[in-house]
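Engineer: Dropping in start38.tsv, which is TSV, C-alpha atoms:
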```tsv
chain	number	residue	atom	x	y	z
D	23	MET	CA	0.00	0.00	0.00
D	24	ASN	CA	1.37	3.39	-0.99
D	25	ASP	CA	1.32	5.30	2.30
D	26	GLY	CA	3.53	8.13	1.17
D	27	SER	CA	6.77	6.35	2.09
D	28	GLN	CA	7.61	6.19	-1.60
D	29	ALA	CA	7.54	9.97	-1.87
D	30	ALA	CA	11.32	9.95	-2.27
D	31	ALA	CA	10.99	8.75	-5.86
D	32	PRO	CA	12.76	11.00	-8.38
D	33	ARG	CA	10.75	14.01	-9.45
D	34	GLY	CA	11.01	12.93	-13.07
D	35	HIS	CA	9.34	9.62	-12.22
D	36	ARG	CA	6.60	11.46	-10.36
D	37	TRP	CA	5.92	13.61	-13.40
D	38	VAL	CA	5.78	10.57	-15.68
D	39	GLY	CA	3.34	8.86	-13.30
D	40	PHE	CA	1.12	11.93	-12.99
D	41	ARG	CA	1.16	12.51	-16.74
D	42	THR	CA	0.25	8.86	-17.35
D	43	ILE	CA	-2.81	9.12	-15.10
D	44	VAL	CA	-3.97	12.31	-16.82
D	45	ILE	CA	-3.41	10.92	-20.33
D	46	ARG	CA	-5.25	7.73	-19.41
D	47	GLU	CA	-8.18	9.72	-18.03
D	48	PHE	CA	-8.34	11.96	-21.09
D	49	SER	CA	-8.14	8.96	-23.41
D	50	ARG	CA	-10.97	7.35	-21.50
D	51	ILE	CA	-13.10	10.49	-21.92
D	52	LEU	CA	-12.55	10.50	-25.68
D	53	ARG	CA	-12.88	6.72	-26.05
D	54	ILE	CA	-16.36	6.65	-24.55
D	55	TRP	CA	-17.42	10.04	-25.92
D	56	GLY	CA	-20.92	8.72	-26.45
D	57	GLN	CA	-21.27	8.55	-22.67
D	58	THR	CA	-19.07	11.44	-21.56
D	59	ILE	CA	-19.70	14.23	-24.07
D	60	VAL	CA	-22.85	13.64	-26.11
D	61	PRO	CA	-25.43	13.19	-23.29
D	62	PRO	CA	-24.59	16.45	-21.45
D	63	ALA	CA	-24.58	18.32	-24.77
D	64	ILE	CA	-28.06	16.99	-25.62
D	65	THR	CA	-29.32	17.70	-22.08
D	66	ALA	CA	-28.03	21.29	-22.21
D	67	THR	CA	-29.68	21.83	-25.59
D	68	LEU	CA	-33.01	20.64	-24.19
D	69	TYR	CA	-32.64	22.95	-21.18
D	70	PHE	CA	-32.05	25.92	-23.45
D	71	ILE	CA	-35.02	25.03	-25.64
D	72	ILE	CA	-37.48	24.25	-22.86
D	73	PHE	CA	-36.46	26.63	-20.09
D	74	GLY	CA	-34.83	29.36	-22.14
D	75	SER	CA	-37.00	29.62	-25.23
D	76	LEU	CA	-40.39	28.30	-24.16
D	77	ILE	CA	-40.67	29.06	-20.44
D	78	GLY	CA	-38.35	32.06	-20.65
D	79	ARG	CA	-40.80	33.94	-22.87
D	80	ARG	CA	-43.39	33.81	-20.11
D	81	ILE	CA	-40.94	34.77	-17.36
D	82	GLY	CA	-39.46	37.75	-19.18
D	83	ASP	CA	-36.42	39.58	-17.87
D	84	MET	CA	-34.60	38.60	-14.70
D	85	GLY	CA	-32.27	41.03	-13.00
D	86	GLY	CA	-32.20	43.24	-16.08
D	87	PHE	CA	-31.26	40.42	-18.45
D	88	SER	CA	-33.25	38.11	-20.66
D	89	TYR	CA	-34.05	34.81	-18.98
D	90	MET	CA	-31.90	32.97	-21.53
D	91	GLN	CA	-28.89	35.15	-20.70
D	92	TYR	CA	-29.52	34.68	-17.00
D	93	ILE	CA	-29.64	30.88	-16.99
D	94	ALA	CA	-26.83	30.33	-19.52
D	95	PRO	CA	-23.98	30.69	-16.96
D	96	GLY	CA	-25.89	28.47	-14.54
D	97	LEU	CA	-26.35	25.73	-17.13
D	98	ILE	CA	-22.67	25.89	-18.07
D	99	MET	CA	-21.68	25.60	-14.42
D	100	MET	CA	-24.14	22.78	-13.84
D	101	SER	CA	-22.53	20.78	-16.64
D	102	VAL	CA	-19.07	21.42	-15.19
D	103	ILE	CA	-20.20	20.27	-11.73
D	104	THR	CA	-21.89	17.04	-12.81
D	105	ASN	CA	-19.20	15.98	-15.27
D	106	SER	CA	-16.22	16.77	-13.05
D	107	TYR	CA	-17.83	14.77	-10.28
D	108	GLY	CA	-19.03	11.95	-12.51
D	109	ASN	CA	-15.70	11.39	-14.23
D	110	VAL	CA	-13.72	10.87	-11.03
D	111	VAL	CA	-16.29	8.79	-9.20
D	112	SER	CA	-16.74	6.43	-12.16
D	113	SER	CA	-13.05	6.18	-13.03
D	114	PHE	CA	-11.65	5.61	-9.55
D	115	SER	CA	-14.43	3.29	-8.45
D	116	GLY	CA	-13.99	1.31	-11.68
D	117	ALA	CA	-10.30	0.91	-10.91
D	118	LYS	CA	-11.14	-0.11	-7.35
D	119	PHE	CA	-13.82	-2.66	-8.26
D	120	GLY	CA	-11.71	-3.97	-11.13
D	121	ARG	CA	-8.87	-4.59	-8.67
D	122	HIS	CA	-6.28	-2.81	-10.83
D	123	ILE	CA	-5.97	0.10	-8.41
D	124	GLU	CA	-3.25	-1.94	-6.65
D	125	GLU	CA	-0.96	-1.49	-9.64
D	126	LEU	CA	-1.16	2.25	-9.13
D	127	LEU	CA	-0.72	2.08	-5.39
D	128	VAL	CA	2.52	0.10	-5.59
D	129	ALA	CA	3.99	2.57	-8.08
D	130	PRO	CA	6.56	5.07	-6.71
D	131	LEU	CA	3.97	7.85	-6.53
D	132	PRO	CA	2.91	9.71	-3.39
D	133	ASN	CA	-0.81	9.53	-2.70
D	134	TRP	CA	-1.27	13.27	-3.09
D	135	LEU	CA	-0.05	13.00	-6.68
D	136	ILE	CA	-2.43	10.13	-7.41
D	137	VAL	CA	-5.29	12.29	-6.13
D	138	LEU	CA	-4.11	15.19	-8.31
D	139	GLY	CA	-4.02	12.91	-11.35
D	140	TYR	CA	-7.65	11.87	-10.94
D	141	VAL	CA	-8.68	15.45	-10.16
D	142	ALA	CA	-6.97	16.65	-13.34
D	143	GLY	CA	-8.94	14.05	-15.29
D	144	GLY	CA	-12.20	15.23	-13.73
D	145	MET	CA	-11.32	18.83	-14.53
D	146	LEU	CA	-10.57	17.96	-18.15
D	147	ARG	CA	-13.97	16.38	-18.65
D	148	GLY	CA	-15.81	19.09	-16.73
D	149	LEU	CA	-14.12	21.93	-18.61
D	150	LEU	CA	-14.48	20.18	-21.97
D	151	VAL	CA	-18.19	19.66	-21.50
D	152	GLY	CA	-18.51	23.20	-20.10
D	153	LEU	CA	-16.89	24.54	-23.28
D	154	ILE	CA	-19.28	22.52	-25.45
D	155	VAL	CA	-22.29	23.81	-23.48
D	156	THR	CA	-20.95	27.36	-23.86
D	157	ILE	CA	-20.82	26.90	-27.63
D	158	ILE	CA	-24.38	25.56	-27.57
D	159	ALA	CA	-25.46	28.58	-25.51
D	160	LEU	CA	-24.15	30.92	-28.21
D	161	PHE	CA	-26.76	29.51	-30.59
D	162	PHE	CA	-29.50	30.68	-28.20
D	163	THR	CA	-28.22	33.90	-26.65
D	164	HIS	CA	-25.38	36.40	-26.52
D	165	LEU	CA	-22.76	35.84	-23.84
D	166	HIS	CA	-20.80	38.91	-22.84
D	167	VAL	CA	-18.08	38.45	-20.24
D	168	GLU	CA	-17.73	41.28	-17.72
D	169	HIS	CA	-14.88	39.80	-15.67
D	170	TRP	CA	-12.72	37.18	-17.37
D	171	PHE	CA	-10.60	36.44	-14.31
D	172	ILE	CA	-13.67	35.69	-12.18
D	173	VAL	CA	-15.14	33.41	-14.86
D	174	VAL	CA	-11.93	31.39	-15.19
D	175	ALA	CA	-11.23	31.26	-11.44
D	176	ALA	CA	-14.79	30.23	-10.58
D	177	VAL	CA	-14.99	27.43	-13.14
D	178	LEU	CA	-11.54	26.06	-12.25
D	179	LEU	CA	-12.17	26.06	-8.50
D	180	THR	CA	-15.62	24.52	-8.95
D	181	SER	CA	-14.31	21.72	-11.17
D	182	VAL	CA	-11.59	20.98	-8.59
D	183	VAL	CA	-14.12	20.91	-5.73
D	184	PHE	CA	-16.41	18.41	-7.42
D	185	SER	CA	-13.59	16.30	-8.79
D	186	LEU	CA	-12.41	15.91	-5.20
D	187	GLY	CA	-15.98	15.24	-4.11
D	188	GLY	CA	-16.25	12.47	-6.69
D	189	PHE	CA	-13.02	10.98	-5.37
D	190	VAL	CA	-14.41	10.87	-1.82
D	191	ASN	CA	-17.59	9.21	-3.08
D	192	ALA	CA	-15.58	6.60	-4.99
D	193	VAL	CA	-13.40	5.80	-1.98
D	194	PHE	CA	-16.38	5.04	0.26
D	195	ALA	CA	-18.56	3.35	-2.37
D	196	ARG	CA	-18.81	-0.42	-1.88
D	197	ASN	CA	-20.93	-1.05	-4.97
D	198	PHE	CA	-22.31	0.74	-8.01
D	199	ASP	CA	-25.55	1.64	-6.22
D	200	GLN	CA	-23.57	3.74	-3.76
D	201	ILE	CA	-21.85	5.48	-6.65
D	202	THR	CA	-25.15	6.75	-8.05
D	203	PHE	CA	-26.76	7.57	-4.69
D	204	VAL	CA	-24.90	10.83	-4.05
D	205	PRO	CA	-25.29	12.31	-7.58
D	206	THR	CA	-28.96	11.36	-7.74
D	207	PHE	CA	-30.23	12.21	-4.27
D	208	ILE	CA	-27.78	14.88	-3.08
D	209	LEU	CA	-25.83	16.53	-5.89
D	210	ARG	CA	-28.67	16.94	-8.40
D	211	PRO	CA	-31.16	18.53	-5.95
D	212	MET	CA	-28.44	20.85	-4.62
D	213	THR	CA	-27.61	21.89	-8.19
D	214	TYR	CA	-31.22	22.58	-9.16
D	215	LEU	CA	-31.72	24.55	-5.93
D	216	GLY	CA	-28.42	26.40	-6.34
D	217	GLY	CA	-29.74	29.33	-8.34
D	218	VAL	CA	-29.22	27.86	-11.80
D	219	PHE	CA	-32.72	28.70	-13.02
D	220	TYR	CA	-33.72	31.54	-10.74
D	221	SER	CA	-32.55	34.35	-8.48
D	222	ILE	CA	-32.96	33.65	-4.78
D	223	SER	CA	-34.26	37.22	-4.43
D	224	MET	CA	-37.53	35.80	-5.81
D	225	LEU	CA	-37.86	33.51	-2.77
D	226	PRO	CA	-39.35	34.35	0.63
D	227	GLU	CA	-36.85	35.35	3.27
D	228	TRP	CA	-36.78	31.97	5.01
D	229	ALA	CA	-36.12	30.20	1.71
D	230	GLN	CA	-33.29	32.62	0.92
D	231	THR	CA	-31.71	31.76	4.27
D	232	VAL	CA	-31.98	28.03	3.54
D	233	SER	CA	-30.59	28.52	0.03
D	234	LYS	CA	-27.49	30.24	1.42
D	235	ALA	CA	-26.55	26.98	3.14
D	236	ASN	CA	-26.09	25.44	-0.32
D	237	PRO	CA	-22.44	25.85	-1.46
D	238	ILE	CA	-23.40	25.43	-5.11
D	239	LEU	CA	-25.31	28.72	-4.87
D	240	TYR	CA	-22.04	30.58	-4.32
D	241	MET	CA	-20.26	28.81	-7.18
D	242	VAL	CA	-23.06	29.47	-9.67
D	243	ASN	CA	-23.37	33.09	-8.63
D	244	ALA	CA	-19.63	33.73	-8.80
D	245	PHE	CA	-19.59	32.32	-12.33
D	246	ARG	CA	-22.68	34.32	-13.31
D	247	TYR	CA	-21.14	37.48	-11.89
D	248	GLY	CA	-18.19	37.00	-14.24
D	249	PHE	CA	-20.59	37.09	-17.20
D	250	LEU	CA	-23.31	39.50	-16.12
D	251	GLY	CA	-21.77	41.49	-13.29
D	252	ARG	CA	-24.68	40.43	-11.09
D	253	SER	CA	-24.81	38.11	-8.09
D	254	ASP	CA	-27.20	37.22	-5.28
D	255	VAL	CA	-24.32	36.70	-2.83
D	256	ASP	CA	-21.01	38.34	-1.95
D	257	ILE	CA	-18.32	37.36	-4.49
D	258	GLY	CA	-15.47	37.49	-2.00
D	259	PHE	CA	-17.32	35.13	0.32
D	260	SER	CA	-18.09	32.84	-2.65
D	261	PHE	CA	-14.41	32.44	-3.48
D	262	THR	CA	-13.55	31.93	0.18
D	263	ILE	CA	-15.99	29.02	0.31
D	264	MET	CA	-14.60	27.49	-2.88
D	265	VAL	CA	-10.98	27.72	-1.72
D	266	LEU	CA	-11.94	26.29	1.69
D	267	PHE	CA	-13.68	23.33	0.06
D	268	VAL	CA	-10.64	22.66	-2.13
D	269	VAL	CA	-8.28	22.62	0.85
D	270	VAL	CA	-10.51	20.50	3.09
D	271	LEU	CA	-11.48	17.98	0.41
D	272	PHE	CA	-7.94	17.58	-0.87
D	273	ALA	CA	-6.66	16.95	2.65
D	274	ALA	CA	-9.50	14.46	3.20
D	275	CYS	CA	-8.74	12.60	-0.04
D	276	VAL	CA	-5.03	12.27	0.75
D	277	THR	CA	-5.79	11.15	4.31
D	278	LEU	CA	-8.23	8.51	3.06
D	279	MET	CA	-5.63	7.22	0.61
D	280	ASN	CA	-2.94	7.12	3.30
D	281	HIS	CA	-5.23	5.08	5.55
D	282	GLY	CA	-6.30	2.76	2.73
D	283	THR	CA	-9.95	3.53	3.34
D	284	GLY	CA	-12.19	1.65	0.92
D	285	ILE	CA	-9.18	-0.01	-0.70
D	286	ARG	CA	-7.81	-2.41	1.89
D	287	GLU	CA	-11.32	-3.57	2.81
```
Would you write out, as structure tokens, the structure that this file holds?

Structural biologist:
Amino acid sequence: MNDGSQAAAPRGHRWVGFRTIVIREFSRILRIWGQTIVPPAITATLYFIIFGSLIGRRIGDMGGFSYMQYIAPGLIMMSVITNSYGNVVSSFSGAKFGRHIEELLVAPLPNWLIVLGYVAGGMLRGLLVGLIVTIIALFFTHLHVEHWFIVVAAVLLTSVVFSLGGFVNAVFARNFDQITFVPTFILRPMTYLGGVFYSISMLPEWAQTVSKANPILYMVNAFRYGFLGRSDVDIGFSFTIMVLFVVVLFAACVTLMNHGTGIRE
């Protein structure tokens, strides 16, 4: 079991190992593109048609923008969240259940670098799908970016957070049912209630308070602020939450790997 004692391996070997994990993950994404890229693209298109074009006409403007413009950043971020998470949880759990994770654990790679490799793979898929959804959005509405740095920082931090979250899910999952439980019953409701399709200012005060306990709300609003210059929450606080989640989840993932949780059992 790789408990970090092999961390003295040459840096060149570490880089080769990390690069191999990332290349393998990217190749996997492209190899099964019918599962990794096409479904989220079709789903996003349906969201734009149904919510943006059909329902949006009845809703009208929201926060001074057309409804289509308002939900576009949210739909992009939603695709990044679900695909970053889904890639890592499926890939790592597949390696664990297939019993070829041991080959990686005996390699001269520290556990933190293994975690980074899987996170990089999750980010690649999340950002790739996010780019595709952005292109689809341009067929339905105009996207003007007010703050490029905020857009890039928000999407990168969010993809890291949910890649790490997918890793935690994969570590604890004992079967495929447990892999789908969190995305279906926790992640999806949190995403839909995270301000993707509406502004929380439309909600009663008690509902606004409850919504602010949802971390996805801050990620979606930070990303939307980068496009529209409008947010329901404080941007500085949003980035603080994202950075905090990255630090805590990364530390948790490395600790779980060091203890062999879900792998030795």

Engineer: Would you give me, as a tab-separated table, each residue of stretch 64-133 of chain D having an atom within 8 Å of an atom of stretch 225-247 of chain D, along with its shortest atom pair and that distance in Å to one decimal, using only C-alpha atoms and sorting by chain and residue number?

Structural biologist:
```
residue	atom	partner	partner_atom	distance
D:Tyr92	CA	D:Arg246	CA	7.8
D:Pro95	CA	D:Arg246	CA	5.3
D:Gly96	CA	D:Val242	CA	5.7
D:Met99	CA	D:Val242	CA	6.3
D:Met100	CA	D:Val242	CA	8.0
```

Engineer: For each of D:Arg36, D:Leu179, D:Ser185, D:His169, take the minimum atom-to-atom distance to D:Ile263, counting all atoms listed in the file, then give the residue where this is smallest.

Structural biologist: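 Among the listed residues, the smallest separation from D:Ile263 belongs to D:Leu179.
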
Engineer: Would you kindly return, as an mmCIF file with C-alpha atoms, keeping the file's coordinate frame, each protein, DNA or RNA residue with an atom no farther than 9 Å from any atom of D:Asn197, considering all atoms listed in the file and excluding same-chain residues fewer than 2 positions away?

Structural biologist:
```cif
data_model
loop_
_atom_site.group_PDB
_atom_site.id
_atom_site.type_symbol
_atom_site.label_atom_id
_atom_site.label_comp_id
_atom_site.auth_asym_id
_atom_site.auth_seq_id
_atom_site.Cartn_x
_atom_site.Cartn_y
_atom_site.Cartn_z
ATOM 1 C CA SER D 115 -14.430 3.290 -8.450
ATOM 2 C CA PHE D 119 -13.820 -2.660 -8.260
ATOM 3 C CA ALA D 195 -18.560 3.350 -2.370
ATOM 4 C CA ASP D 199 -25.550 1.640 -6.220
ATOM 5 C CA GLN D 200 -23.570 3.740 -3.760
ATOM 6 C CA ILE D 201 -21.850 5.480 -6.650
#
```

Engineer: Separation of atom CA of D:Leu68 and atom CA of D:Val141, in Å?

Structural biologist: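 Separating atom CA of D:Leu68 from atom CA of D:Val141 is a distance of 28.6 Å.
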
Engineer: From the list D:Phe249, D:Phe207, D:Phe219, D:Phe267, which residue is nearest D:Thr180 when using all atoms listed in the file?

Structural biologist: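 Closest candidate: D:Phe267.
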
Engineer: List every protein, DNA or RNA residue with an atom no more than 12 Å from (-25.0, 41.1, -4.1) in the file's coordinates, counting all atoms listed in the file, and format the result as an mmCIF file with C-alpha atoms, in the coordinates of the input.

Structural biologist:
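New file result-v1.cif:
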```cif
data_model
loop_
_atom_site.group_PDB
_atom_site.id
_atom_site.type_symbol
_atom_site.label_atom_id
_atom_site.label_comp_id
_atom_site.auth_asym_id
_atom_site.auth_seq_id
_atom_site.Cartn_x
_atom_site.Cartn_y
_atom_site.Cartn_z
ATOM 1 C CA GLY D 85 -32.270 41.030 -13.000
ATOM 2 C CA SER D 221 -32.550 34.350 -8.480
ATOM 3 C CA ILE D 222 -32.960 33.650 -4.780
ATOM 4 C CA SER D 223 -34.260 37.220 -4.430
ATOM 5 C CA TYR D 240 -22.040 30.580 -4.320
ATOM 6 C CA ASN D 243 -23.370 33.090 -8.630
ATOM 7 C CA ALA D 244 -19.630 33.730 -8.800
ATOM 8 C CA ARG D 246 -22.680 34.320 -13.310
ATOM 9 C CA TYR D 247 -21.140 37.480 -11.890
ATOM 10 C CA GLY D 251 -21.770 41.490 -13.290
ATOM 11 C CA ARG D 252 -24.680 40.430 -11.090
ATOM 12 C CA SER D 253 -24.810 38.110 -8.090
ATOM 13 C CA ASP D 254 -27.200 37.220 -5.280
ATOM 14 C CA VAL D 255 -24.320 36.700 -2.830
ATOM 15 C CA ASP D 256 -21.010 38.340 -1.950
ATOM 16 C CA ILE D 257 -18.320 37.360 -4.490
ATOM 17 C CA GLY D 258 -15.470 37.490 -2.000
ATOM 18 C CA PHE D 259 -17.320 35.130 0.320
ATOM 19 C CA SER D 260 -18.090 32.840 -2.650
#
```

Engineer: Rank D:Tyr89, D:Phe203, D:Tyr220, D:Val102 by their smallest atom-to-atom distance to D:Leu150, using all atoms listed in the file, and report the top residue only.

Structural biologist: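 Answer, going by the shortest atom-to-atom distance: D:Val102.
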
Engineer: Would you kindly return, as an mmCIF file with C-alpha atoms, in the coordinates of the input, each protein, DNA or RNA residue with an atom no farther than 12 Å from any atom of D:Gln57, considering all atoms listed in the file and excluding same-chain residues fewer than 4 positions away?

Structural biologist:
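As a result, part.cif now contains:
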```cif
data_model
loop_
_atom_site.group_PDB
_atom_site.id
_atom_site.type_symbol
_atom_site.label_atom_id
_atom_site.label_comp_id
_atom_site.auth_asym_id
_atom_site.auth_seq_id
_atom_site.Cartn_x
_atom_site.Cartn_y
_atom_site.Cartn_z
ATOM 1 C CA ARG D 50 -10.970 7.350 -21.500
ATOM 2 C CA ILE D 51 -13.100 10.490 -21.920
ATOM 3 C CA LEU D 52 -12.550 10.500 -25.680
ATOM 4 C CA ARG D 53 -12.880 6.720 -26.050
ATOM 5 C CA PRO D 61 -25.430 13.190 -23.290
ATOM 6 C CA PRO D 62 -24.590 16.450 -21.450
ATOM 7 C CA ALA D 63 -24.580 18.320 -24.770
ATOM 8 C CA ILE D 64 -28.060 16.990 -25.620
ATOM 9 C CA ASN D 105 -19.200 15.980 -15.270
ATOM 10 C CA GLY D 108 -19.030 11.950 -12.510
ATOM 11 C CA ASN D 109 -15.700 11.390 -14.230
ATOM 12 C CA SER D 112 -16.740 6.430 -12.160
ATOM 13 C CA ARG D 147 -13.970 16.380 -18.650
ATOM 14 C CA VAL D 151 -18.190 19.660 -21.500
#
```

Engineer: Could you work out how far atom CA of D:Phe198 lies from atom CA of D:Pro132, giving the answer in Å with one decimal?

Structural biologist: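 One can read the atom CA of D:Pro132 to atom CA of D:Phe198 distance as 27.2 Å.
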
Engineer: Go ahead and compute the interatomic distance for atom CA of D:Leu160 and atom CA of D:Ala142, in Å to one decimal.

Structural biologist: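 About the pair atom CA of D:Leu160 and atom CA of D:Ala142: they are 26.8 Å apart.
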
Engineer: Could you please give me, as a PyMOL selection string, the residues of protein, DNA or RNA lying at most 10 Å from (-32.4, 31.8, -23.9) in the coordinate frame of the file, considering all atoms listed in the file?

Structural biologist: chain D and resi 69-79+88-94+159-164

Engineer: With distances taken over all atoms listed in the file, which residue among D:Ala192, D:Ile54, D:Val177, D:Ala66 lies nearest D:Val204?

Structural biologist: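 Nearest to D:Val204: D:Ala192.
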
Engineer: Build an axis-aligned box that encloses every atom of stretch 45-48 of chain D listed in the file, pad it by 3 Å on each side, and report its centre and edge lengths in Å to one decimal, as JSON.

Structural biologist:
```
{"center_x": -5.9, "center_y": 9.8, "center_z": -19.6, "size_x": 10.9, "size_y": 10.2, "size_z": 9.1}
```

Engineer: My list of candidates is D:Val60, D:Val182, D:Val173, D:Ile103. Which is closest to D:Arg210 when distances are computed with all atoms listed in the file?

Structural biologist: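 Of the candidates, the smallest distance to D:Arg210 is held by D:Ile103.
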
Engineer: For D:Tyr107, which residue among D:Leu186, D:Leu165, D:Val174, D:Leu149 is the nearest when counting all atoms listed in the file?

Structural biologist: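 Nearest candidate to D:Tyr107 out of D:Leu186, D:Leu165, D:Val174, D:Leu149: D:Leu186.
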